[in-house]
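Below: the structure, in structure tokens.
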Amino acid sequence: MGDLAVEVLRGLAEGDPLCSSGHGPHIRWAGEFHYHYVVHQRDGDLARGVVWAAALTGGPAAVPHLGALALRAGGPGSEVIEDLKLAGAAINALAETDDPAALESLWRLRSRIKHRALRKQLDTALVTAAGRQGITAEQLVERSVPNHGLARDGSLEQEWGGYRVRVAIEDAVTVRLTFTGPGGRPSRTAPAAVKDGFPDELKQLKALAKEVRGTLSGERARVEALMSAGREWPYDEWRRHYRDHPVTGVLVRGLIWEFQDADGQWRAAAPMTEPHGEPGRVRLWHPIRASTQEIGAWRERIVAERLRQPFKQAFREIYLLTPAEEETGVYSNRFAAHIVHYRRLYALFKERGWQANFLGRYDGGYEGKAWADFGDGEWRAYFFHEPATEDYGDYAPDHAATDQVRFERREGRRLREVPLAEVEPLVFSEAMRDVDLFVGVTSIAADPEWADRGEDRYGAYWRAATFAELTASSEVRREALERILPRLKIADRCSLNGRYLVVRGDRRTYKIHLSSANILMEPDDAYLCIVPSGRRGDGKVFLPFEDDRLSLILSKAFLLAADTEITDRTILRQIERGV
């Protein structure tokens, strides 16, 4: 019975789909267009019965097919029309399967399935599976991260016909395949002998590299989310599931961690170093718990030793409650009243893991609300926004106006709004950091071409915001520049003055705003429009963290420090005007 059920399940997960032109629409409202599906609506109960029969009788043999079916019926980019009930049945069956591979499958689905209802179901399935093992859902997730057969250093090597083939995690974002022949010279391109002699093995290894990239990306986001959680781990547990894990460990070893000694004191250890003695517990270092002197020391060390962290940690922004926010009580207006490019904002919501409705000309589309969970799901932050005008003609507005930030705390299955003063400092800081990013990246103040639009309806906002006081993220950018500039070949031409990086050229002196990256020229503060070409910096400048705006500022600094070498007539005309 078990083998038969598993075989039928395999057919659902991998077999040829049914075609609407040959078998008819699978649901009444599907219409007459051509599409494919897994099972007809009338056979849905039977298909879900097969799923459970295979899970109960097939055990481990059913796990890979359950995962494949969940992804096929509910994942993005599938060749069939989604079937949420069938995908949900596969997810629930995985949660009830007592096999380590089932946990790994649930973890992979969690990083790939985007549908909101299925993601909720996955979260419930993880809680169920965790309860069966007597651990928390968070512990289950960290213990279910696949190692893909990699060694502790994140690599896997094989010998194929005299060639050494290696897949390795090189840093927080890079997984690379290399091929080393008898001569000992590595190549990133598969040689003909490998392509012709080992085509199936090469295909499998490329698929493995793709899977590792997906796991690495998911782990990078998960570990960064721990910055708002304040979690602690027993040292042995942390070492096993974090530091020594082939994928997670590549990220973990590049971060600052705090270790608690026998006296209960917490001491931070530098990236790539071991703690002193035998610590009892471990937690992720966050600058909000550190003194100004300690933060400065870590930042100096990161730059001096050229340590590029997996995400911004030592240079992470800190957001503390302001007197104005204490006045407003349950909401913050810190990032309100900005005009932003709406589609860029919506895309950035998705990139940062926030959920949001889409603004547009339909019921409910005139009030935007984006939200994300923090602190291991105990807290939820909301960022409100709306169309900047009501007279837009397209389906969605080009621009949105930002509004309040509010917080809720989870109490059982309910969420309750709380005053800002009651929000955990880690949660408040991390949520406000995301909102600062949303505004900073998508504001029209960061659009260098906006000044050429003349007196439009947003002109006053652009003029006020484009050279405004620095936000927390810009202040961190300034501090990074204080440490980076002395190491640059243009150091003698650069200085920091308030909110600007001042660059002395031979034609003029330029002030680059540290938030918008827009430029004013001395002596009359004339605006200089330089549209980014896509190239960042000079390709050789070490940056301690990923920051496109910082890269853009440095690229403009290098260009303007050598302004006699500029050949772009559009830029030259602006510089020469008034000289």
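All residue names refer to the structure tokens as shown: chains lettered A, B, ... in order, residues numbered from 1 in each chain, ligands numbered from 1 in order.
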**Report entry** Distance query Asp153 (chain A) at most 10 Å, only C-alpha atoms, self and fewer than 5 positions along chain excluded, as a PyMOL selection string
**Finding:** chain A and resi 168-170+244-247+249-250
**Report entry** Of the listed residues A:Gly440, A:Pro425, A:Gly154, A:Pro275, that which approaches Arg176 (chain A) most closely, counting only C-alpha atoms
**Finding:**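 So, comparing all the options, the nearest one is A:Gly154.
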For region 329-434 of chain A against region 224-232 of chain A, with a cut-off of 12 Å and counting only C-alpha atoms, what is the closest atom pair and its distance in Å to one decimal for every residue that makes the cut, ordered by chain and number, as a tab-separated table?
residue	atom	partner	partner_atom	distance
A:Arg352	CA	A:Ala225	CA	10.3
A:Gly353	CA	A:Ala225	CA	10.1
A:Ala372	CA	A:Ala225	CA	10.9
A:Asp373	CA	A:Ala225	CA	9.4
A:Phe374	CA	A:Ser228	CA	6.0
A:Gly375	CA	A:Ala229	CA	3.9
A:Asp376	CA	A:Ala229	CA	5.5
A:Gly377	CA	A:Ala229	CA	8.6
A:Glu378	CA	A:Ala229	CA	8.9
A:Trp379	CA	A:Ser228	CA	9.7
A:Arg380	CA	A:Ser228	CA	11.4
A:Ala381	CA	A:Ser228	CA	12.0
A:Val423	CA	A:Ser228	CA	11.4
A:Glu424	CA	A:Ser228	CA	8.8
A:Pro425	CA	A:Ser228	CA	8.6
A:Leu426	CA	A:Ser228	CA	5.0
A:Val427	CA	A:Ser228	CA	5.0
A:Phe428	CA	A:Ser228	CA	8.3
A:Ser429	CA	A:Ser228	CA	8.0
A:Glu430	CA	A:Ser228	CA	6.0
A:Ala431	CA	A:Ser228	CA	8.4
A:Met432	CA	A:Ser228	CA	11.2
A:Arg433	CA	A:Ser228	CA	10.9
A:Asp434	CA	A:Ala225	CA	11.3
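By chain and then residue number, the residues within 12 Å of Lys350 (chain A) are Lys114, Arg343, Arg344, Ala356, Asn357, Phe358, Ala370, Trp371, Ala372, Asp434 and Phe438 of chain A, counting only C-alpha atoms and disregarding those fewer than 6 positions away in sequence.
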Mind writing the picked residues with N, CA and C atoms as a PDB file, in the first residue's frame?
ATOM      1  N   LYS A 114       5.775  32.227  -1.649  1.00  0.00           N
ATOM      2  CA  LYS A 114       5.482  33.618  -1.324  1.00  0.00           C
ATOM      3  C   LYS A 114       4.010  33.867  -1.004  1.00  0.00           C
ATOM      4  N   ARG A 343       6.391  52.862  -7.081  1.00  0.00           N
ATOM      5  CA  ARG A 343       6.704  51.492  -7.512  1.00  0.00           C
ATOM      6  C   ARG A 343       8.045  51.032  -6.922  1.00  0.00           C
ATOM      7  N   ARG A 344       8.983  51.959  -6.789  1.00  0.00           N
ATOM      8  CA  ARG A 344      10.249  51.604  -6.140  1.00  0.00           C
ATOM      9  C   ARG A 344      10.004  51.249  -4.678  1.00  0.00           C
ATOM     10  N   ALA A 356       2.472  44.390   1.949  1.00  0.00           N
ATOM     11  CA  ALA A 356       1.745  45.646   1.741  1.00  0.00           C
ATOM     12  C   ALA A 356       0.664  45.448   0.696  1.00  0.00           C
ATOM     13  N   ASN A 357      -0.429  46.194   0.857  1.00  0.00           N
ATOM     14  CA  ASN A 357      -1.409  46.254  -0.223  1.00  0.00           C
ATOM     15  C   ASN A 357      -0.862  47.175  -1.316  1.00  0.00           C
ATOM     16  N   PHE A 358      -1.424  47.069  -2.505  1.00  0.00           N
ATOM     17  CA  PHE A 358      -0.938  47.856  -3.642  1.00  0.00           C
ATOM     18  C   PHE A 358      -1.886  49.033  -3.863  1.00  0.00           C
ATOM     19  N   ALA A 370       1.920  49.021   5.018  1.00  0.00           N
ATOM     20  CA  ALA A 370       2.940  47.974   4.930  1.00  0.00           C
ATOM     21  C   ALA A 370       3.258  47.498   6.336  1.00  0.00           C
ATOM     22  N   TRP A 371       3.545  46.220   6.485  1.00  0.00           N
ATOM     23  CA  TRP A 371       3.822  45.689   7.815  1.00  0.00           C
ATOM     24  C   TRP A 371       4.840  44.561   7.743  1.00  0.00           C
ATOM     25  N   ALA A 372       5.537  44.388   8.866  1.00  0.00           N
ATOM     26  CA  ALA A 372       6.513  43.305   9.000  1.00  0.00           C
ATOM     27  C   ALA A 372       6.610  42.935  10.463  1.00  0.00           C
ATOM     28  N   ASP A 434      14.405  50.083   8.869  1.00  0.00           N
ATOM     29  CA  ASP A 434      13.810  49.706   7.583  1.00  0.00           C
ATOM     30  C   ASP A 434      13.048  50.878   6.973  1.00  0.00           C
ATOM     31  N   PHE A 438      13.468  52.746   3.390  1.00  0.00           N
ATOM     32  CA  PHE A 438      12.412  52.923   2.392  1.00  0.00           C
ATOM     33  C   PHE A 438      12.367  54.365   1.894  1.00  0.00           C
TER      34      PHE A 438
END
Query - Expected answer as a VMD selection string: strand (DSSP E or B) residues in region 132-325 of chain A - result: chain A and resid 155 to 160 163 to 169 175 to 180 186 to 187 232 to 234 257 to 260 266 to 269 281 to 284
Query - Coordinates-based distance that separates CA of Asp3 (chain A) from CA of Glu201 (chain A) (Å, one decimal) - result: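 Taking CA of Glu201 (chain A) and CA of Asp3 (chain A), their separation equals 28.3 Å.
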Requested in this report: Apply DSSP to the backbone of this structure and, from region 395-475 of chain A, keep only the residues in helix (DSSP H, G or I); write these as a PyMOL selection string.
Outcome: chain A and resi 420-422+425-442+444-446+450-453+459-465+472-475
Residues of the last selection are to be written out with N, CA and C atoms, as a JSON list (two decimals), in the first residue's frame.
[["chain", "number", "residue", "atom", "x", "y", "z"],
["A", 420, "LEU", "N", 4.62, 53.73, 21.83],
["A", 420, "LEU", "CA", 6.00, 53.58, 21.37],
["A", 420, "LEU", "C", 6.95, 53.35, 22.55],
["A", 421, "ALA", "N", 6.66, 53.94, 23.68],
["A", 421, "ALA", "CA", 7.53, 53.81, 24.85],
["A", 421, "ALA", "C", 7.58, 52.38, 25.37],
["A", 422, "GLU", "N", 6.59, 51.54, 25.00],
["A", 422, "GLU", "CA", 6.57, 50.15, 25.46],
["A", 422, "GLU", "C", 7.20, 49.18, 24.46],
["A", 425, "PRO", "N", 13.41, 48.27, 22.67],
["A", 425, "PRO", "CA", 14.34, 49.13, 21.95],
["A", 425, "PRO", "C", 14.94, 48.49, 20.70],
["A", 426, "LEU", "N", 15.29, 47.19, 20.79],
["A", 426, "LEU", "CA", 15.82, 46.50, 19.61],
["A", 426, "LEU", "C", 14.79, 46.49, 18.48],
["A", 427, "VAL", "N", 13.55, 46.20, 18.80],
["A", 427, "VAL", "CA", 12.48, 46.14, 17.81],
["A", 427, "VAL", "C", 12.24, 47.51, 17.20],
["A", 428, "PHE", "N", 12.13, 48.52, 18.04],
["A", 428, "PHE", "CA", 11.90, 49.88, 17.56],
["A", 428, "PHE", "C", 13.01, 50.31, 16.62],
["A", 429, "SER", "N", 14.25, 50.08, 17.02],
["A", 429, "SER", "CA", 15.39, 50.51, 16.21],
["A", 429, "SER", "C", 15.42, 49.81, 14.86],
["A", 430, "GLU", "N", 15.21, 48.49, 14.86],
["A", 430, "GLU", "CA", 15.27, 47.73, 13.61],
["A", 430, "GLU", "C", 14.13, 48.09, 12.67],
["A", 431, "ALA", "N", 12.94, 48.29, 13.20],
["A", 431, "ALA", "CA", 11.81, 48.66, 12.35],
["A", 431, "ALA", "C", 12.01, 50.05, 11.75],
["A", 432, "MET", "N", 12.42, 51.01, 12.58],
["A", 432, "MET", "CA", 12.64, 52.36, 12.08],
["A", 432, "MET", "C", 13.80, 52.40, 11.10],
["A", 433, "ARG", "N", 14.75, 51.52, 11.27],
["A", 433, "ARG", "CA", 15.85, 51.42, 10.30],
["A", 433, "ARG", "C", 15.33, 51.05, 8.92],
["A", 434, "ASP", "N", 14.41, 50.08, 8.87],
["A", 434, "ASP", "CA", 13.81, 49.71, 7.58],
["A", 434, "ASP", "C", 13.05, 50.88, 6.97],
["A", 435, "VAL", "N", 12.26, 51.59, 7.79],
["A", 435, "VAL", "CA", 11.47, 52.70, 7.26],
["A", 435, "VAL", "C", 12.39, 53.81, 6.75],
["A", 436, "ASP", "N", 13.47, 54.08, 7.45],
["A", 436, "ASP", "CA", 14.46, 55.06, 6.99],
["A", 436, "ASP", "C", 15.01, 54.65, 5.63],
["A", 437, "LEU", "N", 15.28, 53.36, 5.48],
["A", 437, "LEU", "CA", 15.76, 52.85, 4.20],
["A", 437, "LEU", "C", 14.73, 53.07, 3.10],
["A", 438, "PHE", "N", 13.47, 52.75, 3.39],
["A", 438, "PHE", "CA", 12.41, 52.92, 2.39],
["A", 438, "PHE", "C", 12.37, 54.36, 1.89],
["A", 439, "VAL", "N", 12.39, 55.31, 2.83],
["A", 439, "VAL", "CA", 12.29, 56.72, 2.46],
["A", 439, "VAL", "C", 13.56, 57.19, 1.78],
["A", 440, "GLY", "N", 14.71, 56.83, 2.34],
["A", 440, "GLY", "CA", 15.97, 57.30, 1.79],
["A", 440, "GLY", "C", 16.23, 56.85, 0.38],
["A", 441, "VAL", "N", 15.84, 55.62, 0.06],
["A", 441, "VAL", "CA", 16.11, 55.07, -1.26],
["A", 441, "VAL", "C", 15.10, 55.54, -2.29],
["A", 442, "THR", "N", 13.84, 55.73, -1.89],
["A", 442, "THR", "CA", 12.79, 56.00, -2.88],
["A", 442, "THR", "C", 12.33, 57.45, -2.93],
["A", 444, "ILE", "N", 11.97, 61.30, -3.80],
["A", 444, "ILE", "CA", 12.36, 62.07, -4.99],
["A", 444, "ILE", "C", 13.53, 62.99, -4.67],
["A", 445, "ALA", "N", 13.83, 63.21, -3.38],
["A", 445, "ALA", "CA", 14.99, 64.02, -3.01],
["A", 445, "ALA", "C", 16.29, 63.37, -3.45],
["A", 446, "ALA", "N", 16.27, 62.06, -3.63],
["A", 446, "ALA", "CA", 17.46, 61.34, -4.07],
["A", 446, "ALA", "C", 17.53, 61.21, -5.58],
["A", 450, "TRP", "N", 15.53, 65.54, -10.70],
["A", 450, "TRP", "CA", 14.27, 66.18, -10.35],
["A", 450, "TRP", "C", 14.34, 67.69, -10.48],
["A", 451, "ALA", "N", 15.50, 68.28, -10.25],
["A", 451, "ALA", "CA", 15.63, 69.74, -10.29],
["A", 451, "ALA", "C", 15.36, 70.30, -11.68],
["A", 452, "ASP", "N", 15.47, 69.48, -12.71],
["A", 452, "ASP", "CA", 15.25, 69.93, -14.08],
["A", 452, "ASP", "C", 13.78, 69.98, -14.46],
["A", 453, "ARG", "N", 12.88, 69.67, -13.54],
["A", 453, "ARG", "CA", 11.47, 69.58, -13.88],
["A", 453, "ARG", "C", 10.76, 70.93, -13.76],
["A", 459, "GLY", "N", 8.06, 70.51, -6.12],
["A", 459, "GLY", "CA", 9.30, 71.26, -6.11],
["A", 459, "GLY", "C", 9.71, 71.73, -4.73],
["A", 460, "ALA", "N", 8.76, 72.21, -3.95],
["A", 460, "ALA", "CA", 9.07, 72.71, -2.62],
["A", 460, "ALA", "C", 9.61, 71.58, -1.73],
["A", 461, "TYR", "N", 8.99, 70.39, -1.82],
["A", 461, "TYR", "CA", 9.48, 69.27, -1.03],
["A", 461, "TYR", "C", 10.89, 68.90, -1.46],
["A", 462, "TRP", "N", 11.14, 68.83, -2.77],
["A", 462, "TRP", "CA", 12.47, 68.44, -3.26],
["A", 462, "TRP", "C", 13.52, 69.41, -2.74],
["A", 463, "ARG", "N", 13.26, 70.70, -2.80],
["A", 463, "ARG", "CA", 14.24, 71.69, -2.37],
["A", 463, "ARG", "C", 14.51, 71.58, -0.86],
["A", 464, "ALA", "N", 13.46, 71.26, -0.10],
["A", 464, "ALA", "CA", 13.62, 71.16, 1.35],
["A", 464, "ALA", "C", 14.31, 69.87, 1.77],
["A", 465, "ALA", "N", 14.03, 68.79, 1.07],
["A", 465, "ALA", "CA", 14.50, 67.48, 1.51],
["A", 465, "ALA", "C", 15.86, 67.09, 0.93],
["A", 472, "ALA", "N", 19.64, 59.02, 10.64],
["A", 472, "ALA", "CA", 20.55, 58.10, 11.33],
["A", 472, "ALA", "C", 21.41, 57.33, 10.34],
["A", 473, "SER", "N", 20.82, 56.89, 9.23],
["A", 473, "SER", "CA", 21.60, 56.15, 8.24],
["A", 473, "SER", "C", 22.68, 57.02, 7.61],
["A", 474, "SER", "N", 22.37, 58.29, 7.40],
["A", 474, "SER", "CA", 23.35, 59.21, 6.83],
["A", 474, "SER", "C", 24.45, 59.53, 7.82],
["A", 475, "GLU", "N", 24.11, 59.58, 9.10],
["A", 475, "GLU", "CA", 25.13, 59.81, 10.12],
["A", 475, "GLU", "C", 26.13, 58.65, 10.15]]
Query raised in the report: What gap, in Å, lies between CA of Asn92 (chain A) and CA of Leu415 (chain A)?
Result: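 Computed distance, CA of Asn92 (chain A) to CA of Leu415 (chain A), equals 25.1 Å.
Minimum distance to His65 (chain A) across A:Ala93, A:Val51, A:Ile302, A:Ala13 (counting only C-alpha atoms) occurs at A:Ala13.
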**Report entry** All residues 8 Å or closer to region 526-530 of chain A, only C-alpha atoms, same chain fewer than 4 positions away omitted, as a PyMOL selection string
**Finding:** chain A and resi 448-449+518-522+571+574-575
Could you write out the selected residues, including C-alpha atoms, as a short mmCIF file (atom, residue, chain, number, x, y, z; two decimals), in the first residue's frame?
data_model
loop_
_atom_site.label_atom_id
_atom_site.label_comp_id
_atom_site.auth_asym_id
_atom_site.auth_seq_id
_atom_site.Cartn_x
_atom_site.Cartn_y
_atom_site.Cartn_z
CA PRO A 448 19.34 63.94 -9.30
CA GLU A 449 17.22 64.85 -12.32
CA ASN A 518 23.11 65.48 -4.64
CA ILE A 519 25.74 68.17 -5.25
CA LEU A 520 26.10 71.91 -4.70
CA MET A 521 28.97 73.93 -6.18
CA GLU A 522 30.78 76.72 -4.37
CA ILE A 571 28.45 68.08 -16.66
CA GLN A 574 27.01 73.11 -15.44
CA ILE A 575 30.47 73.45 -13.88
#
Query raised in the report: What's the 7 Å shell around Phe384 (chain A), counting only C-alpha atoms, without same-chain residues fewer than 5 positions away, as a PyMOL selection string?
Result: chain A and resi 368-370+402-405
Query raised in the report: Just how far from CA of Glu546 (chain A) is CA of Lys312 (chain A), in Å to one decimal?
Result: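 Straight-line distance from CA of Lys312 (chain A) to CA of Glu546 (chain A) works out to 7.2 Å.
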Query raised in the report: In terms of the shortest atom-to-atom distance over only C-alpha atoms, which of A:Asp99, A:Glu479, A:Glu237, A:Asp171 is closest to Leu496 (chain A)?
Result: A:Glu479
**Report entry** Among the residues A:Ser551, A:Gln355, A:Thr466, A:Gln133, the one that comes closest to His513 (chain A) [using only C-alpha atoms]
**Finding:**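 Comparing A:Ser551, A:Gln355, A:Thr466, A:Gln133 against His513 (chain A), the winner is A:Thr466.
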Hey, what's within 7 Å of Pro287 (chain A) if we count only C-alpha atoms and toss same-chain stuff fewer than 4 positions away? As a PDB file with C-alpha atoms, in the first residue's frame, please?
ATOM      1  CA  ILE A 295      31.030  51.122  18.895  1.00  0.00           C
ATOM      2  CA  ALA A 314      29.312  47.347  13.464  1.00  0.00           C
ATOM      3  CA  ARG A 316      24.450  49.619  12.058  1.00  0.00           C
TER       4      ARG A 316
END
Report task. Skip region 182-191 of chain A itself and residues of its chain fewer than 4 positions away, then list as a list in words all residues within 9 Å of it, counting only C-alpha atoms. Result ->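 With the cut-off at 9 Å, the set is Gly162, Tyr163, Arg164, Val165, Arg176, Leu177, Thr178, Lys195, Asp196 and Leu202 of chain A.
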